[in-house]
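Data file: work-v1.txt. Format and content: compact mmCIF, C-alpha atoms and all ligand atoms.
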```txt
# COMPACT_ATOMS: atom_id res chain seq x y z
CA MET A 1 -31.64 -70.54 -5.48
CA ASN A 2 -29.81 -70.58 -8.82
CA ALA A 3 -28.81 -73.96 -10.20
CA ALA A 4 -25.12 -74.67 -10.65
CA LEU A 5 -23.90 -74.25 -14.21
CA PRO A 6 -22.11 -76.84 -16.31
CA VAL A 7 -18.33 -76.40 -16.19
CA ALA A 8 -18.26 -75.53 -19.87
CA VAL A 9 -20.65 -72.61 -19.32
CA LEU A 10 -19.58 -69.26 -17.92
CA LYS A 11 -21.80 -66.59 -16.47
CA GLN A 12 -19.57 -63.84 -17.81
CA HIS A 13 -19.33 -60.57 -15.97
CA LEU A 14 -19.49 -57.56 -18.31
CA ILE A 15 -19.62 -53.77 -18.01
CA ASP A 16 -22.11 -51.80 -20.10
CA PRO A 17 -19.99 -49.24 -22.01
CA GLU A 18 -23.03 -47.09 -22.72
CA ILE A 19 -23.76 -46.47 -19.04
CA CYS A 20 -20.26 -46.69 -17.51
CA ILE A 21 -18.87 -43.27 -16.55
CA ARG A 22 -15.26 -44.54 -16.29
CA CYS A 23 -14.96 -43.50 -12.65
CA ASN A 24 -12.49 -46.31 -11.85
CA THR A 25 -14.40 -47.40 -8.73
CA CYS A 26 -14.74 -51.01 -9.94
CA GLU A 27 -11.06 -51.36 -10.78
CA GLU A 28 -10.11 -50.00 -7.37
CA THR A 29 -12.57 -52.25 -5.59
CA CYS A 30 -11.83 -55.57 -7.28
CA PRO A 31 -9.88 -57.64 -4.74
CA ILE A 32 -8.23 -59.81 -7.41
CA ASP A 33 -7.45 -57.25 -10.16
CA ALA A 34 -9.90 -58.71 -12.66
CA ILE A 35 -10.90 -55.28 -13.98
CA THR A 36 -8.81 -53.24 -16.35
CA HIS A 37 -9.31 -50.35 -18.77
CA ASP A 38 -7.94 -48.45 -21.72
CA SER A 39 -8.90 -45.03 -23.04
CA ASN A 40 -12.16 -46.50 -24.36
CA ASN A 41 -13.62 -48.97 -21.87
CA TYR A 42 -13.53 -50.62 -18.45
CA VAL A 43 -13.68 -54.40 -18.85
CA VAL A 44 -13.66 -57.60 -16.78
CA ASP A 45 -11.09 -60.32 -17.53
CA PRO A 46 -13.04 -63.60 -17.76
CA ASP A 47 -9.90 -65.59 -16.84
CA ILE A 48 -9.59 -63.80 -13.49
CA CYS A 49 -13.11 -62.77 -12.36
CA ASN A 50 -14.60 -65.15 -9.80
CA GLY A 51 -17.97 -63.39 -9.60
CA CYS A 52 -17.36 -62.27 -6.00
CA MET A 53 -19.58 -59.18 -6.54
CA ALA A 54 -17.33 -56.84 -4.50
CA CYS A 55 -17.40 -54.31 -7.35
CA VAL A 56 -21.17 -54.28 -7.82
CA PRO A 57 -22.53 -52.21 -4.88
CA PRO A 58 -19.95 -49.38 -5.15
CA CYS A 59 -20.61 -48.78 -8.89
CA PRO A 60 -22.49 -45.45 -9.04
CA THR A 61 -24.32 -46.27 -12.30
CA GLY A 62 -25.06 -50.01 -12.14
CA SER A 63 -23.22 -50.47 -15.46
CA ILE A 64 -21.09 -53.12 -13.72
CA ASP A 65 -24.05 -55.43 -13.10
CA ASN A 66 -24.26 -57.17 -16.48
CA TRP A 67 -23.94 -60.89 -17.09
CA ARG A 68 -24.09 -63.19 -20.12
CA LEU A 69 -24.22 -66.98 -20.22
CA VAL A 70 -21.56 -68.05 -22.73
CA ALA A 71 -19.66 -71.20 -23.61
CA ARG A 72 -16.50 -70.89 -21.52
CA SER A 73 -14.38 -71.42 -24.64
CA ASP A 74 -16.16 -68.51 -26.35
CA ALA A 75 -15.97 -66.01 -23.49
CA TYR A 76 -15.58 -62.42 -24.67
CA SER A 77 -11.89 -61.59 -24.38
CA VAL A 78 -10.51 -58.43 -22.77
CA GLN A 79 -9.41 -57.19 -26.22
CA GLU A 80 -12.89 -57.71 -27.65
CA GLN A 81 -14.55 -55.88 -24.76
CA LEU A 82 -12.16 -52.93 -25.02
CA GLY A 83 -13.43 -52.32 -28.56
CA TRP A 84 -17.14 -52.32 -27.69
CA ASP A 85 -19.47 -49.34 -27.95
CA GLU A 86 -22.37 -51.36 -26.59
CA LEU A 87 -22.95 -54.74 -24.98
CA PRO A 88 -23.54 -57.66 -27.34
CA ARG A 89 -27.01 -59.17 -27.35
CA GLU A 90 -27.60 -62.29 -25.29
CA GLN A 91 -26.87 -65.31 -27.54
CA PRO A 92 -28.42 -68.75 -27.05
CA LEU A 93 -25.92 -71.32 -25.77
CA PRO A 94 -24.84 -73.98 -28.28
CA ASP A 95 -27.27 -76.92 -28.12
CA ALA A 96 -24.59 -79.26 -26.87
CA LEU A 97 -24.05 -77.07 -23.79
CA ALA A 98 -27.64 -76.14 -23.16
CA ALA A 99 -28.36 -79.88 -22.84
CA VAL A 100 -25.50 -80.68 -20.42
CA GLU A 101 -26.52 -81.53 -16.86
CA PRO A 102 -25.40 -78.94 -14.31
CA ALA A 103 -22.29 -79.95 -12.34
CA ALA A 104 -22.70 -79.39 -8.63
CA ASP A 105 -19.07 -78.33 -8.14
CA ALA A 106 -19.08 -75.89 -11.02
CA ALA A 107 -21.36 -73.23 -9.59
CA ILE A 108 -20.17 -69.80 -10.51
CA ASP A 109 -23.09 -67.81 -9.28
CA PRO A 110 -21.84 -64.66 -7.67
CA ALA A 111 -20.82 -65.01 -4.05
CA PRO A 112 -22.47 -62.62 -1.59
CA ALA A 113 -20.81 -59.20 -1.77
CA ALA A 114 -20.27 -59.06 1.97
CA GLN A 115 -17.78 -61.91 1.77
CA ALA A 116 -15.51 -60.10 -0.60
CA SER A 117 -15.78 -56.41 0.18
CA VAL A 118 -12.35 -54.81 0.50
CA THR A 119 -13.20 -51.15 0.11
CA PRO A 120 -12.36 -48.97 3.12
CA GLY A 121 -15.79 -47.38 3.06
CA ALA A 122 -19.37 -48.54 3.21
CA SER A 123 -21.24 -49.90 0.19
CA VAL A 124 -24.59 -48.93 1.72
CA PRO A 125 -25.95 -45.47 2.56
CA PRO A 126 -26.79 -44.35 6.12
CA TRP A 127 -30.12 -45.76 7.30
CA SER A 128 -31.91 -42.41 7.11
CA ALA A 129 -30.61 -41.33 3.68
CA ALA A 130 -33.25 -40.23 1.19
CA HIS A 131 -33.76 -42.49 -1.79
CA PRO A 132 -31.72 -41.24 -4.79
CA TYR A 133 -32.67 -41.22 -8.45
CA VAL A 134 -29.89 -42.58 -10.71
CA ASN A 135 -29.34 -42.88 -14.48
CA LEU A 136 -32.29 -40.72 -15.50
CA TYR A 137 -30.20 -39.52 -18.43
CA THR A 138 -27.62 -41.68 -20.24
CA HIS A 139 -25.01 -41.25 -22.99
CA LYS A 140 -27.76 -41.97 -25.52
CA THR A 141 -30.33 -39.68 -23.89
CA PRO A 142 -28.47 -36.75 -22.28
CA VAL A 143 -30.28 -33.70 -20.99
CA THR A 144 -29.33 -30.14 -21.95
CA ALA A 145 -28.55 -27.75 -19.11
CA THR A 146 -27.86 -24.02 -19.38
CA VAL A 147 -24.93 -22.31 -17.68
CA VAL A 148 -26.26 -19.63 -15.35
CA GLY A 149 -23.04 -18.94 -13.44
CA ASN A 150 -19.30 -19.60 -13.70
CA TYR A 151 -17.05 -18.05 -11.05
CA ARG A 152 -13.49 -18.65 -9.95
CA VAL A 153 -13.35 -19.64 -6.29
CA THR A 154 -9.60 -19.58 -5.73
CA GLY A 155 -7.26 -16.59 -5.56
CA ALA A 156 -6.63 -15.10 -9.02
CA ASP A 157 -2.89 -15.01 -8.31
CA THR A 158 -2.61 -18.80 -7.79
CA ASP A 159 -2.09 -21.68 -10.27
CA SER A 160 -5.10 -23.45 -8.80
CA ASP A 161 -7.92 -22.38 -11.13
CA ILE A 162 -11.06 -23.78 -9.52
CA HIS A 163 -14.52 -22.76 -10.75
CA HIS A 164 -17.98 -22.83 -9.27
CA ILE A 165 -20.30 -23.59 -12.18
CA VAL A 166 -24.08 -23.38 -11.94
CA LEU A 167 -26.25 -25.37 -14.37
CA ASP A 168 -29.97 -24.89 -14.79
CA PHE A 169 -32.33 -27.60 -16.08
CA GLY A 170 -35.31 -25.39 -16.84
CA GLU A 171 -38.48 -27.46 -16.88
CA LEU A 172 -36.74 -30.84 -17.16
CA PRO A 173 -36.60 -33.04 -14.07
CA PHE A 174 -33.14 -33.55 -12.55
CA PRO A 175 -33.70 -34.58 -8.93
CA VAL A 176 -30.48 -34.92 -6.90
CA LEU A 177 -29.19 -35.47 -3.38
CA GLU A 178 -26.05 -34.16 -1.70
CA GLY A 179 -23.17 -36.58 -2.34
CA GLN A 180 -24.42 -37.57 -5.80
CA SER A 181 -22.57 -36.76 -9.01
CA ILE A 182 -23.42 -36.04 -12.63
CA GLY A 183 -21.64 -36.71 -15.93
CA ILE A 184 -20.76 -34.01 -18.43
CA LEU A 185 -20.33 -34.92 -22.11
CA PRO A 186 -17.65 -32.63 -23.52
CA PRO A 187 -18.16 -31.79 -27.20
CA GLY A 188 -15.83 -33.14 -29.87
CA THR A 189 -14.04 -36.43 -30.33
CA ASP A 190 -10.96 -38.19 -28.98
CA ALA A 191 -7.80 -39.08 -30.94
CA GLN A 192 -9.63 -42.08 -32.43
CA GLY A 193 -12.50 -39.92 -33.63
CA ARG A 194 -14.93 -41.28 -31.03
CA PRO A 195 -17.12 -38.95 -28.98
CA HIS A 196 -15.51 -38.14 -25.62
CA HIS A 197 -16.69 -40.14 -22.64
CA ALA A 198 -18.57 -38.42 -19.88
CA ARG A 199 -16.56 -36.93 -17.00
CA GLN A 200 -17.96 -37.22 -13.50
CA TYR A 201 -18.36 -34.28 -11.11
CA SER A 202 -19.77 -34.24 -7.58
CA LEU A 203 -22.54 -31.81 -6.81
CA ALA A 204 -21.58 -28.80 -4.75
CA SER A 205 -25.17 -27.74 -4.08
CA PRO A 206 -27.89 -29.24 -1.91
CA ARG A 207 -30.99 -31.10 -3.11
CA ASP A 208 -33.18 -28.01 -3.35
CA GLY A 209 -30.85 -26.27 -5.78
CA GLU A 210 -27.85 -23.98 -5.78
CA ARG A 211 -30.48 -21.32 -5.40
CA ALA A 212 -33.11 -22.76 -3.10
CA GLY A 213 -36.29 -23.57 -4.95
CA TYR A 214 -34.70 -23.41 -8.42
CA ASN A 215 -34.08 -26.33 -10.77
CA ASN A 216 -30.34 -25.82 -10.78
CA LEU A 217 -27.20 -27.32 -9.28
CA SER A 218 -23.53 -26.42 -8.98
CA LEU A 219 -20.19 -28.14 -9.59
CA THR A 220 -16.66 -27.44 -8.37
CA VAL A 221 -14.28 -27.89 -11.30
CA LYS A 222 -10.50 -27.56 -11.29
CA ARG A 223 -8.89 -26.66 -14.59
CA VAL A 224 -6.49 -29.52 -15.31
CA ILE A 225 -3.25 -28.30 -16.84
CA GLU A 226 -0.93 -31.10 -15.73
CA ASP A 227 -1.17 -34.83 -15.05
CA HIS A 228 -0.40 -36.60 -11.77
CA GLN A 229 3.31 -36.63 -12.69
CA GLY A 230 3.34 -32.86 -13.29
CA GLN A 231 3.57 -33.21 -17.09
CA PRO A 232 1.58 -30.57 -19.00
CA VAL A 233 -1.79 -31.82 -20.29
CA SER A 234 -5.01 -30.01 -21.04
CA GLY A 235 -7.98 -31.67 -19.33
CA VAL A 236 -10.63 -32.07 -22.02
CA CYS A 237 -13.71 -31.56 -19.87
CA SER A 238 -12.35 -29.34 -17.10
CA ASN A 239 -11.06 -26.74 -19.57
CA TYR A 240 -14.32 -26.92 -21.53
CA LEU A 241 -16.32 -26.30 -18.34
CA CYS A 242 -14.09 -23.59 -16.88
CA ASP A 243 -14.29 -21.65 -20.17
CA LEU A 244 -18.10 -21.75 -20.43
CA ALA A 245 -20.02 -18.48 -20.48
CA ARG A 246 -23.50 -17.70 -19.18
CA ASN A 247 -26.24 -19.10 -21.45
CA ASP A 248 -23.94 -21.72 -23.01
CA THR A 249 -25.51 -25.17 -22.97
CA VAL A 250 -24.03 -28.43 -21.69
CA GLN A 251 -24.95 -32.10 -22.24
CA VAL A 252 -25.49 -33.83 -18.89
CA ILE A 253 -26.08 -37.45 -17.84
CA GLY A 254 -26.94 -38.95 -14.48
CA PRO A 255 -27.51 -38.40 -11.65
CA PHE A 256 -25.22 -41.08 -10.18
CA GLY A 257 -24.46 -42.46 -6.74
CA HIS A 258 -26.55 -44.33 -4.19
CA THR A 259 -24.25 -44.71 -1.17
CA PHE A 260 -22.25 -41.48 -0.55
CA LEU A 261 -25.42 -39.87 0.80
CA MET A 262 -26.06 -37.86 3.92
CA PRO A 263 -28.24 -39.01 6.82
CA ASN A 264 -31.66 -37.41 7.06
CA HIS A 265 -32.60 -37.90 10.68
CA PRO A 266 -32.50 -35.07 13.21
CA GLY A 267 -29.36 -34.95 15.34
CA ALA A 268 -27.10 -36.62 12.73
CA ASN A 269 -23.48 -35.42 12.98
CA LEU A 270 -21.15 -35.17 9.98
CA ILE A 271 -17.37 -35.44 9.98
CA MET A 272 -16.28 -34.16 6.56
CA ILE A 273 -12.70 -34.67 5.38
CA CYS A 274 -11.62 -33.29 2.00
CA THR A 275 -8.90 -31.82 -0.16
CA GLY A 276 -9.29 -29.34 -3.05
CA THR A 277 -12.34 -30.00 -5.24
CA GLY A 278 -13.24 -32.87 -2.90
CA SER A 279 -14.94 -30.07 -1.00
CA ALA A 280 -17.90 -30.16 -3.43
CA PRO A 281 -20.02 -32.73 -1.56
CA MET A 282 -19.04 -31.15 1.76
CA ARG A 283 -20.31 -27.79 0.53
CA ALA A 284 -23.56 -29.47 -0.56
CA MET A 285 -24.09 -31.11 2.84
CA THR A 286 -23.04 -28.04 4.80
CA GLU A 287 -25.43 -25.89 2.80
CA ARG A 288 -28.25 -28.38 3.45
CA TYR A 289 -27.55 -27.99 7.17
CA ARG A 290 -27.21 -24.21 6.93
CA ARG A 291 -30.60 -23.82 5.26
CA ARG A 292 -32.33 -25.57 8.12
CA ILE A 293 -30.30 -24.00 10.91
CA GLU A 294 -33.46 -22.52 12.46
CA THR A 295 -35.20 -25.89 12.76
CA GLY A 296 -32.91 -27.03 15.55
CA GLU A 297 -32.66 -30.53 14.05
CA ASN A 298 -28.99 -30.26 13.04
CA GLY A 299 -26.35 -32.38 14.70
CA ARG A 300 -22.69 -31.28 14.78
CA LEU A 301 -20.58 -30.52 11.71
CA MET A 302 -16.83 -31.02 11.83
CA LEU A 303 -14.79 -30.19 8.71
CA PHE A 304 -11.17 -31.08 7.90
CA PHE A 305 -10.18 -29.31 4.68
CA GLY A 306 -6.77 -29.62 3.01
CA ALA A 307 -5.29 -27.20 0.47
CA ARG A 308 -1.89 -25.81 -0.41
CA THR A 309 -2.65 -22.29 0.83
CA GLU A 310 -5.69 -20.29 1.91
CA ARG A 311 -5.84 -18.67 -1.53
CA GLU A 312 -5.91 -22.09 -3.19
CA LEU A 313 -8.67 -23.38 -0.94
CA PRO A 314 -11.95 -23.23 -2.88
CA TYR A 315 -14.72 -21.22 -1.21
CA PHE A 316 -12.34 -19.92 1.48
CA GLY A 317 -14.18 -16.61 1.93
CA PRO A 318 -17.75 -17.95 2.27
CA LEU A 319 -16.54 -20.85 4.41
CA MET A 320 -14.87 -18.58 6.94
CA LYS A 321 -18.06 -16.53 7.25
CA LEU A 322 -20.04 -19.50 8.62
CA PRO A 323 -20.77 -19.23 12.34
CA ARG A 324 -18.28 -21.10 14.55
CA ASP A 325 -21.08 -22.71 16.53
CA PHE A 326 -22.57 -24.06 13.30
CA ILE A 327 -19.45 -25.77 11.88
CA ASP A 328 -16.11 -26.72 13.42
CA ILE A 329 -13.60 -25.82 10.66
CA ASN A 330 -10.08 -27.25 10.59
CA LEU A 331 -7.88 -26.09 7.68
CA ALA A 332 -4.80 -28.14 6.81
CA LEU A 333 -2.49 -26.00 4.70
CA SER A 334 0.52 -27.70 3.17
CA ARG A 335 2.39 -24.85 1.49
CA GLU A 336 1.48 -21.69 3.40
CA ALA A 337 4.56 -19.47 3.79
CA GLY A 338 5.94 -19.50 7.30
CA GLN A 339 3.73 -22.37 8.48
CA PRO A 340 4.58 -26.06 8.91
CA LYS A 341 3.20 -28.40 6.23
CA ARG A 342 -0.02 -29.96 7.45
CA TYR A 343 -2.38 -32.56 6.03
CA VAL A 344 -5.95 -33.31 7.09
CA GLN A 345 -4.79 -36.43 8.91
CA ASP A 346 -2.48 -34.32 11.13
CA LEU A 347 -5.45 -32.23 12.22
CA ILE A 348 -7.61 -35.31 12.87
CA ARG A 349 -4.91 -36.45 15.30
CA GLU A 350 -4.71 -32.98 16.89
CA ARG A 351 -8.46 -33.01 17.43
CA ALA A 352 -8.45 -36.63 18.63
CA ALA A 353 -10.68 -36.11 21.67
CA ASP A 354 -13.44 -34.37 19.67
CA VAL A 355 -13.19 -36.81 16.78
CA ARG A 356 -13.41 -39.73 19.21
CA GLY A 357 -16.45 -38.19 20.86
CA LEU A 358 -18.22 -37.97 17.52
CA LEU A 359 -17.11 -41.46 16.45
CA ALA A 360 -18.63 -42.86 19.62
CA ASP A 361 -22.02 -41.43 18.65
CA ARG A 362 -24.02 -43.69 16.34
CA ASN A 363 -25.57 -40.58 14.79
CA THR A 364 -22.22 -39.67 13.22
CA CYS A 365 -21.38 -40.27 9.55
CA ILE A 366 -17.94 -39.67 8.04
CA TYR A 367 -17.31 -38.50 4.47
CA VAL A 368 -13.90 -38.42 2.79
CA CYS A 369 -13.48 -36.87 -0.67
CA GLY A 370 -10.43 -35.73 -2.60
CA LEU A 371 -6.99 -37.05 -3.41
CA LYS A 372 -6.61 -40.82 -3.49
CA GLY A 373 -3.42 -40.49 -1.49
CA MET A 374 -5.22 -39.27 1.62
CA GLU A 375 -7.34 -42.42 1.94
CA VAL A 376 -4.65 -44.38 3.78
CA GLY A 377 -3.58 -41.37 5.82
CA VAL A 378 -7.12 -40.66 6.99
CA LEU A 379 -7.78 -44.29 7.89
CA ASP A 380 -4.52 -44.41 9.86
CA ALA A 381 -5.47 -41.23 11.71
CA LEU A 382 -8.94 -42.54 12.57
CA ARG A 383 -7.36 -45.78 13.76
CA ASP A 384 -4.85 -43.87 15.91
CA VAL A 385 -7.46 -41.73 17.63
CA THR A 386 -9.50 -44.84 18.38
CA VAL A 387 -6.62 -47.00 19.59
CA GLN A 388 -5.27 -44.18 21.81
CA ALA A 389 -8.47 -44.49 23.82
CA GLY A 390 -8.02 -48.26 24.18
CA GLN A 391 -10.73 -49.04 21.62
CA ASP A 392 -10.57 -51.58 18.82
CA TRP A 393 -10.45 -49.85 15.43
CA THR A 394 -11.09 -53.07 13.48
CA ILE A 395 -14.42 -53.50 15.21
CA LEU A 396 -15.39 -49.82 14.91
CA HIS A 397 -14.32 -49.71 11.25
CA ASP A 398 -16.48 -52.73 10.52
CA VAL A 399 -19.47 -51.16 12.32
CA LEU A 400 -19.02 -47.87 10.41
CA ARG A 401 -19.02 -49.75 7.11
CA ARG A 402 -21.96 -51.99 7.93
CA GLU A 403 -24.04 -49.05 9.14
CA GLY A 404 -23.24 -46.96 6.05
CA ARG A 405 -21.47 -44.34 8.17
CA LEU A 406 -18.03 -44.15 6.52
CA HIS A 407 -17.80 -43.07 2.88
CA PHE A 408 -14.90 -42.46 0.52
CA GLU A 409 -14.81 -40.82 -2.88
CA THR A 410 -11.24 -40.35 -4.02
CA TYR A 411 -9.54 -39.87 -7.37
P1 LIG B 501 0.84 -30.99 -1.03
O1 LIG B 501 1.21 -29.58 -0.86
O2 LIG B 501 1.81 -31.92 -0.36
O3 LIG B 501 0.60 -31.37 -2.47
P2 LIG B 501 -3.98 -30.31 -4.55
O4 LIG B 501 -3.81 -28.84 -4.42
O5 LIG B 501 -2.90 -30.98 -5.31
O6 LIG B 501 -5.35 -30.69 -5.04
O7 LIG B 501 -3.88 -30.92 -3.07
C1 LIG B 501 -4.75 -30.49 -2.05
C2 LIG B 501 -4.06 -30.68 -0.74
O8 LIG B 501 -3.94 -32.07 -0.41
C3 LIG B 501 -2.68 -30.11 -0.72
O9 LIG B 501 -2.50 -29.43 0.50
C4 LIG B 501 -1.80 -31.34 -0.81
O10 LIG B 501 -0.52 -31.18 -0.22
C5 LIG B 501 -2.62 -32.28 0.06
N1 LIG B 501 -2.18 -33.69 -0.07
C6 LIG B 501 -1.37 -34.24 -0.99
N2 LIG B 501 -1.18 -35.54 -0.74
C7 LIG B 501 -1.89 -35.84 0.38
C8 LIG B 501 -2.07 -37.01 1.18
N3 LIG B 501 -1.49 -38.17 0.85
N4 LIG B 501 -2.86 -36.94 2.27
C9 LIG B 501 -3.45 -35.76 2.60
N5 LIG B 501 -3.30 -34.62 1.91
C10 LIG B 501 -2.53 -34.64 0.81
```

Starting from the file, lay out its structure as structure tokens.
Amino acid sequence: MNAALPVAVLKQHLIDPEICIRCNTCEETCPIDAITHDSNNYVVDPDICNGCMACVPPCPTGSIDNWRLVARSDAYSVQEQLGWDELPREQPLPDALAAVEPAADAAIDPAPAAQASVTPGASVPPWSAAHPYVNLYTHKTPVTATVVGNYRVTGADTDSDIHHIVLDFGELPFPVLEGQSIGILPPGTDAQGRPHHARQYSLASPRDGERAGYNNLSLTVKRVIEDHQGQPVSGVCSNYLCDLARNDTVQVIGPFGHTFLMPNHPGANLIMICTGTGSAPMRAMTERYRRRIETGENGRLMLFFGARTERELPYFGPLMKLPRDFIDINLALSREAGQPKRYVQDLIRERAADVRGLLADRNTCIYVCGLKGMEVGVLDALRDVTVQAGQDWTILHDVLRREGRLHFETY
């Protein structure tokens, strides 16, 4: 057990700016808003953080798990941390503090994560998930990949310019699992002249490669031309990626992610719920299942996929060619002419009996990826289908989280 610290000493929680991929997971997870960011860094406010650890398990890189013993009066301020390019070295405590007897009531050792977890999804993978590699390549040691494919996967007549981009790693190891992500370092510098930070993209291909047996992987990238408010902006990394040609090279870091992973045991069912480019991990998992269709070990696949129209739904053609007895596809189209507006959560309610059947099976894992806004809607829909059958959603939700069977990745 760790000894309690003197009141004047703080075990300060810090984020390593060299490893952090600015995915916002920690800020979303923190139950007391102790984490903030600017265009440079994500940082922890020492005046607010209580060391509850809720943010630590969800962090895909582990950059969040850094601590320094400092004199409380000398804690690194938010402003200081925002300016960092790397973590400061551990400094010895002033003699006066190092000599002070620990105060029993001043313990600030992190509380167990389970006590403080507020995320809607699990912070552990399913029991049968394969063990992932993470952080093999960092900002300081990126790996070079070569573009071997770049295709548009939405209708050419739509504003939604989504690309399927295939990267090859040649002889260099880049082992991945479905549900993991990688970071891309766009070339050039930001307005302050600093190199751009990495942007995170989920894999769209399964563990054995976009092309089975090859050392390559794919990404699903939407060209960003406006911000969330509809104001015109040009996404630095998405435009760079969508404009790449065959044989161009790209700087890659990662892989990342140790919880949004698929189960490996025979008979596991997947409920996949996504919008737009959130389909990437669903494509990866579906393709993993498709490649072993003959083995007979697959459980059921149920997909809820939201897009504005069929032509704006990435991979619409290949998806619709999959056999109906292999995957149960439910498309929620919100702006299709002559059809009522539908979201994925509407279809979950419409398919309540089948969803409930799968939820009742402990071999079922649920994956949600896409727009942040759908998180609440999907949870409400899952609660409704459970409650309709006289079951207690709070208990089921807790079980799904503890067993690593409910996963969210939203942005
Ligand atoms: P909408 O037409 O209302 O924007 P996008 O194309 O912007 O990536 O969105 C993908 C799909 O997700 C669209 O059909 C969009 O509908 C839908 N969507 C938007 N907000 C939500 C939400 N809160 N819950 C579920 N789906 C949503």

May I ask you to write as a ChimeraX atom specification all residues lying at most 6 Å from ligand LIG 501 (chain B), with all atoms listed in the file counted?
-> /A:275-276,306-308,333-335,343-344,373-374,377

Find the residues around Ile15 in chain A up to 10 Å (only C-alpha atoms counted), leave out those fewer than 5 positions away in its own chain, and share them as a ChimeraX atom specification.
-> /A:20,26,35,41-44,62-67,81,86-87

Create the file for the chosen residues now, containing C-alpha atoms and written as a PDB file, in the coordinates of the input.
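selection39.pdb was written with the following content:
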```
ATOM      1  CA  CYS A  20     -20.260 -46.690 -17.510  1.00  0.00           C
ATOM      2  CA  CYS A  26     -14.740 -51.010  -9.940  1.00  0.00           C
ATOM      3  CA  ILE A  35     -10.900 -55.280 -13.980  1.00  0.00           C
ATOM      4  CA  ASN A  41     -13.620 -48.970 -21.870  1.00  0.00           C
ATOM      5  CA  TYR A  42     -13.530 -50.620 -18.450  1.00  0.00           C
ATOM      6  CA  VAL A  43     -13.680 -54.400 -18.850  1.00  0.00           C
ATOM      7  CA  VAL A  44     -13.660 -57.600 -16.780  1.00  0.00           C
ATOM      8  CA  GLY A  62     -25.060 -50.010 -12.140  1.00  0.00           C
ATOM      9  CA  SER A  63     -23.220 -50.470 -15.460  1.00  0.00           C
ATOM     10  CA  ILE A  64     -21.090 -53.120 -13.720  1.00  0.00           C
ATOM     11  CA  ASP A  65     -24.050 -55.430 -13.100  1.00  0.00           C
ATOM     12  CA  ASN A  66     -24.260 -57.170 -16.480  1.00  0.00           C
ATOM     13  CA  TRP A  67     -23.940 -60.890 -17.090  1.00  0.00           C
ATOM     14  CA  GLN A  81     -14.550 -55.880 -24.760  1.00  0.00           C
ATOM     15  CA  GLU A  86     -22.370 -51.360 -26.590  1.00  0.00           C
ATOM     16  CA  LEU A  87     -22.950 -54.740 -24.980  1.00  0.00           C
TER      17      LEU A  87
END
```

Correct to one decimal, the distance CA of Gly299 in chain A-CA of Ala268 in chain A is 4.7 Å

Restricting the calculation to all atoms listed in the file, which member of A:Asn330, A:Gln231, A:Thr141, A:Gln391 is positioned closest to Arg356 in chain A?
->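 Using all atoms listed in the file, Arg356 in chain A sits closest to A:Gln391.
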
In Å, how far is it from CA of Leu241 in chain A to CA of Glu310 in chain A?
->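 For CA of Leu241 in chain A relative to CA of Glu310 in chain A, the distance reads 23.6 Å.
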
Measure the distance from CA of Ala212 in chain A to CA of Met282 in chain A in Å and round it to one decimal.
-> 17.1 Å

Could you name the residues that touch Cys242 in chain A at 10 Å or less, counting only C-alpha atoms, but leaving out those on the same chain fewer than 5 positions away, as a list in words?
-> Asn150, Tyr151, Arg152, Asp161, Ile162, His163, His164, Ile165, Thr220, Val221, Lys222, Arg223, Val224 and Cys237 of chain A

May I have the residues within 7 Å of Glu409 in chain A as a ChimeraX atom specification, using all atoms listed in the file and disregarding those fewer than 4 positions away in the same chain?
-> /A:368-370

Any idea what's packed within 7 Å of Leu185 in chain A, counting all atoms listed in the file, ignoring anything in its chain fewer than 6 positions away? Could you give it as a list of chain:residue names?
->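 Returned residues: A:His196, A:His197, A:Ala198, A:Arg199, A:Gln251, A:Val252.
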
Near Arg324 in chain A, within 12 Å and counting all atoms listed in the file, which residues show up once chain neighbours fewer than 5 positions away are dropped, as a ChimeraX atom specification?
-> /A:300-303,319,329-330

Measuring atom to atom with all atoms listed in the file, identify which of A:Pro94, A:Lys372, A:Thr309, A:Arg246 is nearest to Arg342 in chain A.
->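 Smallest distance to Arg342 in chain A is found for A:Thr309.
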
With all atoms of range 385-403 of chain A from the file as input, state the centre and edge lengths in Å to one decimal of the axis-aligned box that has 3 Å extra on each side, as AutoDock Vina command-line options.
```
--center_x -14.7 --center_y -47.6 --center_z 15.6 --size_x 24.8 --size_y 17.8 --size_z 23.1
```
